[in-house]
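Chemist: So here's final-v6.cif, just mmCIF, N, CA and C atoms:
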data_target
loop_
_atom_site.label_atom_id
_atom_site.label_comp_id
_atom_site.auth_asym_id
_atom_site.auth_seq_id
_atom_site.Cartn_x
_atom_site.Cartn_y
_atom_site.Cartn_z
N MET O 1 0.82 -1.19 0.00
CA MET O 1 0.00 0.00 0.00
C MET O 1 0.86 1.25 0.00
N LEU O 2 1.95 1.18 0.73
CA LEU O 2 2.80 2.36 0.85
C LEU O 2 3.37 2.76 -0.50
N ALA O 3 3.79 1.79 -1.28
CA ALA O 3 4.39 2.09 -2.59
C ALA O 3 3.33 2.47 -3.63
N ASP O 4 2.22 1.74 -3.64
CA ASP O 4 1.22 1.94 -4.69
C ASP O 4 0.22 3.05 -4.41
N HIS O 5 0.01 3.37 -3.14
CA HIS O 5 -1.04 4.33 -2.80
C HIS O 5 -0.52 5.47 -1.93
N ARG O 6 0.68 5.85 -2.18
CA ARG O 6 1.37 6.89 -1.42
C ARG O 6 0.56 8.18 -1.32
N ASP O 7 -0.15 8.52 -2.38
CA ASP O 7 -0.88 9.78 -2.43
C ASP O 7 -2.22 9.73 -1.69
N ARG O 8 -2.63 8.58 -1.21
CA ARG O 8 -3.91 8.45 -0.50
C ARG O 8 -3.86 9.06 0.89
N LEU O 9 -2.68 9.15 1.47
CA LEU O 9 -2.55 9.75 2.79
C LEU O 9 -2.05 11.18 2.62
N THR O 10 -2.75 12.10 3.22
CA THR O 10 -2.35 13.51 3.14
C THR O 10 -2.15 14.05 4.56
N THR O 11 -1.46 15.15 4.65
CA THR O 11 -1.30 15.83 5.93
C THR O 11 -1.83 17.25 5.79
N ARG O 12 -2.33 17.76 6.90
CA ARG O 12 -2.80 19.15 6.92
C ARG O 12 -2.39 19.76 8.25
N VAL O 13 -2.19 21.07 8.25
CA VAL O 13 -1.82 21.79 9.47
C VAL O 13 -3.00 22.65 9.86
N GLU O 14 -3.38 22.55 11.13
CA GLU O 14 -4.51 23.31 11.65
C GLU O 14 -4.16 23.78 13.06
N GLY O 15 -4.10 25.08 13.23
CA GLY O 15 -3.78 25.63 14.55
C GLY O 15 -2.41 25.22 15.06
N GLY O 16 -1.46 25.08 14.16
CA GLY O 16 -0.11 24.68 14.56
C GLY O 16 0.05 23.20 14.80
N ARG O 17 -1.00 22.42 14.60
CA ARG O 17 -0.95 20.98 14.78
C ARG O 17 -1.07 20.30 13.42
N THR O 18 -0.35 19.20 13.23
CA THR O 18 -0.37 18.49 11.96
C THR O 18 -1.20 17.22 12.10
N PHE O 19 -2.04 16.98 11.12
CA PHE O 19 -2.91 15.82 11.09
C PHE O 19 -2.64 15.01 9.83
N MET O 20 -2.74 13.67 9.93
CA MET O 20 -2.70 12.82 8.76
C MET O 20 -4.12 12.39 8.46
N GLU O 21 -4.44 12.28 7.19
CA GLU O 21 -5.78 11.89 6.78
C GLU O 21 -5.69 10.83 5.70
N VAL O 22 -6.53 9.81 5.86
CA VAL O 22 -6.62 8.74 4.87
C VAL O 22 -8.09 8.56 4.53
N ASN O 23 -8.41 8.59 3.25
CA ASN O 23 -9.78 8.38 2.82
C ASN O 23 -10.06 6.89 2.70
N CYS O 24 -11.24 6.50 3.19
CA CYS O 24 -11.67 5.10 3.08
C CYS O 24 -12.28 4.91 1.68
N PRO O 25 -11.86 3.87 0.95
CA PRO O 25 -12.44 3.64 -0.38
C PRO O 25 -13.86 3.08 -0.31
N THR O 26 -14.32 2.69 0.88
CA THR O 26 -15.63 2.07 1.02
C THR O 26 -16.70 3.03 1.54
N CYS O 27 -16.30 3.98 2.38
CA CYS O 27 -17.28 4.91 2.96
C CYS O 27 -16.72 6.33 2.93
N THR O 28 -17.50 7.25 3.41
CA THR O 28 -17.07 8.66 3.42
C THR O 28 -16.42 9.05 4.74
N GLU O 29 -16.35 8.09 5.68
CA GLU O 29 -15.82 8.41 7.01
C GLU O 29 -14.34 8.75 6.98
N GLY O 30 -13.51 7.85 6.53
CA GLY O 30 -12.07 8.08 6.52
C GLY O 30 -11.49 8.20 7.91
N ILE O 31 -10.22 8.55 7.97
CA ILE O 31 -9.50 8.62 9.23
C ILE O 31 -8.71 9.91 9.28
N SER O 32 -8.75 10.57 10.42
CA SER O 32 -7.95 11.77 10.65
C SER O 32 -7.36 11.66 12.05
N LYS O 33 -6.04 11.69 12.15
CA LYS O 33 -5.35 11.59 13.44
C LYS O 33 -4.24 12.63 13.48
N GLU O 34 -4.02 13.15 14.67
CA GLU O 34 -2.92 14.10 14.85
C GLU O 34 -1.60 13.34 14.83
N VAL O 35 -0.64 13.90 14.12
CA VAL O 35 0.72 13.37 14.14
C VAL O 35 1.35 13.93 15.40
N ASN O 36 1.57 13.05 16.36
CA ASN O 36 1.88 13.50 17.70
C ASN O 36 3.04 12.71 18.28
N PRO O 37 3.87 13.21 19.12
CA PRO O 37 3.89 14.58 19.61
C PRO O 37 4.79 15.48 18.78
N ARG O 38 5.57 14.91 17.91
CA ARG O 38 6.55 15.72 17.18
C ARG O 38 6.00 16.26 15.87
N GLY O 39 4.70 16.16 15.68
CA GLY O 39 4.09 16.62 14.45
C GLY O 39 4.25 18.10 14.20
N ARG O 40 4.65 18.82 15.22
CA ARG O 40 4.84 20.26 15.06
C ARG O 40 6.21 20.60 14.48
N ASP O 41 7.05 19.60 14.37
CA ASP O 41 8.41 19.79 13.84
C ASP O 41 8.45 19.35 12.38
N PRO O 42 8.58 20.29 11.43
CA PRO O 42 8.56 19.94 10.00
C PRO O 42 9.68 18.96 9.62
N LEU O 43 10.81 19.00 10.30
CA LEU O 43 11.88 18.06 9.99
C LEU O 43 11.48 16.64 10.36
N PHE O 44 10.74 16.49 11.45
CA PHE O 44 10.24 15.17 11.85
C PHE O 44 9.32 14.62 10.76
N LEU O 45 8.42 15.47 10.25
CA LEU O 45 7.48 15.03 9.22
C LEU O 45 8.21 14.58 7.96
N ASP O 46 9.23 15.31 7.57
CA ASP O 46 9.99 14.93 6.38
C ASP O 46 10.76 13.64 6.60
N LYS O 47 11.42 13.52 7.75
CA LYS O 47 12.25 12.37 8.03
C LYS O 47 11.44 11.09 8.18
N PHE O 48 10.25 11.18 8.76
CA PHE O 48 9.46 10.00 9.05
C PHE O 48 8.18 9.90 8.22
N ALA O 49 8.19 10.48 7.03
CA ALA O 49 7.00 10.49 6.17
C ALA O 49 6.50 9.07 5.87
N ASP O 50 7.39 8.15 5.55
CA ASP O 50 6.96 6.79 5.24
C ASP O 50 6.38 6.09 6.47
N GLU O 51 6.98 6.30 7.62
CA GLU O 51 6.47 5.69 8.84
C GLU O 51 5.08 6.24 9.19
N ILE O 52 4.88 7.53 8.99
CA ILE O 52 3.58 8.15 9.23
C ILE O 52 2.55 7.54 8.29
N ARG O 53 2.93 7.34 7.02
CA ARG O 53 2.02 6.71 6.06
C ARG O 53 1.68 5.28 6.47
N MET O 54 2.68 4.53 6.94
CA MET O 54 2.42 3.15 7.38
C MET O 54 1.42 3.12 8.52
N VAL O 55 1.54 4.02 9.48
CA VAL O 55 0.59 4.08 10.59
C VAL O 55 -0.79 4.43 10.06
N GLY O 56 -0.87 5.39 9.15
CA GLY O 56 -2.16 5.77 8.58
C GLY O 56 -2.82 4.62 7.84
N PHE O 57 -2.05 3.88 7.05
CA PHE O 57 -2.62 2.74 6.32
C PHE O 57 -3.00 1.62 7.27
N ASP O 58 -2.24 1.44 8.34
CA ASP O 58 -2.58 0.44 9.34
C ASP O 58 -3.93 0.79 9.98
N LEU O 59 -4.12 2.06 10.33
CA LEU O 59 -5.41 2.50 10.88
C LEU O 59 -6.53 2.29 9.87
N LEU O 60 -6.24 2.52 8.59
CA LEU O 60 -7.25 2.31 7.55
C LEU O 60 -7.64 0.84 7.48
N LEU O 61 -6.68 -0.06 7.60
CA LEU O 61 -7.00 -1.49 7.55
C LEU O 61 -7.90 -1.88 8.73
N TYR O 62 -7.61 -1.36 9.92
CA TYR O 62 -8.48 -1.63 11.07
C TYR O 62 -9.88 -1.08 10.82
N HIS O 63 -9.96 0.12 10.27
CA HIS O 63 -11.25 0.72 9.95
C HIS O 63 -11.98 -0.11 8.90
N TRP O 64 -11.25 -0.57 7.91
CA TRP O 64 -11.83 -1.32 6.80
C TRP O 64 -12.44 -2.63 7.28
N GLU O 65 -11.89 -3.21 8.33
CA GLU O 65 -12.42 -4.45 8.88
C GLU O 65 -13.85 -4.27 9.41
N THR O 66 -14.25 -3.06 9.70
CA THR O 66 -15.59 -2.81 10.23
C THR O 66 -16.66 -2.87 9.14
N HIS O 67 -16.26 -2.88 7.89
CA HIS O 67 -17.20 -2.93 6.78
C HIS O 67 -17.49 -4.38 6.41
N SER O 68 -18.76 -4.76 6.47
CA SER O 68 -19.13 -6.15 6.17
C SER O 68 -18.80 -6.52 4.73
N GLU O 69 -18.87 -5.58 3.82
CA GLU O 69 -18.60 -5.89 2.41
C GLU O 69 -17.12 -6.16 2.13
N THR O 70 -16.25 -5.83 3.08
CA THR O 70 -14.82 -6.12 2.88
C THR O 70 -14.37 -7.34 3.66
N ALA O 71 -15.27 -7.97 4.42
CA ALA O 71 -14.91 -9.13 5.23
C ALA O 71 -14.59 -10.32 4.33
N LEU O 72 -13.64 -11.12 4.78
CA LEU O 72 -13.30 -12.34 4.07
C LEU O 72 -14.37 -13.40 4.31
N ASP O 73 -14.69 -14.14 3.29
CA ASP O 73 -15.66 -15.23 3.42
C ASP O 73 -14.87 -16.51 3.64
N LEU O 74 -14.60 -16.82 4.91
CA LEU O 74 -13.80 -17.99 5.24
C LEU O 74 -14.70 -19.17 5.50
N PRO O 75 -14.25 -20.37 5.05
CA PRO O 75 -15.07 -21.57 5.30
C PRO O 75 -15.11 -21.89 6.79
N THR O 76 -16.24 -22.38 7.23
CA THR O 76 -16.38 -22.78 8.64
C THR O 76 -16.13 -24.26 8.77
N GLU O 77 -15.55 -24.65 9.89
CA GLU O 77 -15.29 -26.07 10.14
C GLU O 77 -16.55 -26.72 10.66
N GLY O 78 -16.71 -27.97 10.35
CA GLY O 78 -17.85 -28.66 10.95
C GLY O 78 -18.44 -29.59 10.06
#
Let me see whether you can do it: turn the structure in this file into structure tokens.
Modeler:
Amino acid sequence: MLADHRDRLTTRVEGGRTFMEVNCPTCTEGISKEVNPRGRDPLFLDKFADEIRMVGFDLLLYHWETHSETALDLPTEG
């Protein structure tokens, strides 16, 4: 996801605080989290951009699990 969908995660600055945002492809909810605590340091954001994206995509995967249409149809034993 990091290599193929790099542009899906964006950052925005609001009131001196930096937030990462990832849009959900299934719903309009998406995810917005503050990059904390060093999100106020632009050098931190540049140095750890890939790590911030990985966290954002990880949160998206957890969010995506809540959608029934994305659930895996696994066979049941019995």
Chemist: Could you jot down the atom C of Arg17 of chain O to atom CA of Val35 of chain O separation for me, Å, one decimal place?
Modeler: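 We find that atom C of Arg17 of chain O and atom CA of Val35 of chain O lie 7.2 Å from each other.
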Chemist: Can you measure atom CA of Glu65 of chain O to atom CA of Asn23 of chain O for me? One decimal in Å is fine.
Modeler: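 Separation between atom CA of Glu65 of chain O and atom CA of Asn23 of chain O: 14.4 Å.
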Chemist: So which residues get picked by the PyMOL selection byres ((chain O and resi 21) around 7) here, written as JSON, numbers by chain?
Modeler: {"O": [8, 9, 10, 11, 12, 19, 20, 22, 23, 30, 31, 32, 33, 56]}
Chemist: Figure out the distance between atom C of Val13 of chain O and atom CA of Leu61 of chain O, please, to one decimal in Å.
Modeler: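 Computed distance, atom CA of Leu61 of chain O to atom C of Val13 of chain O, equals 24.6 Å.
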Chemist: I'd like to know which of O:Trp64, O:Thr18, O:Arg53, O:Leu59 is closest to Asn36 of chain O, using only C-alpha atoms.
Modeler: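 Closest to Asn36 of chain O, using only C-alpha atoms: O:Thr18.
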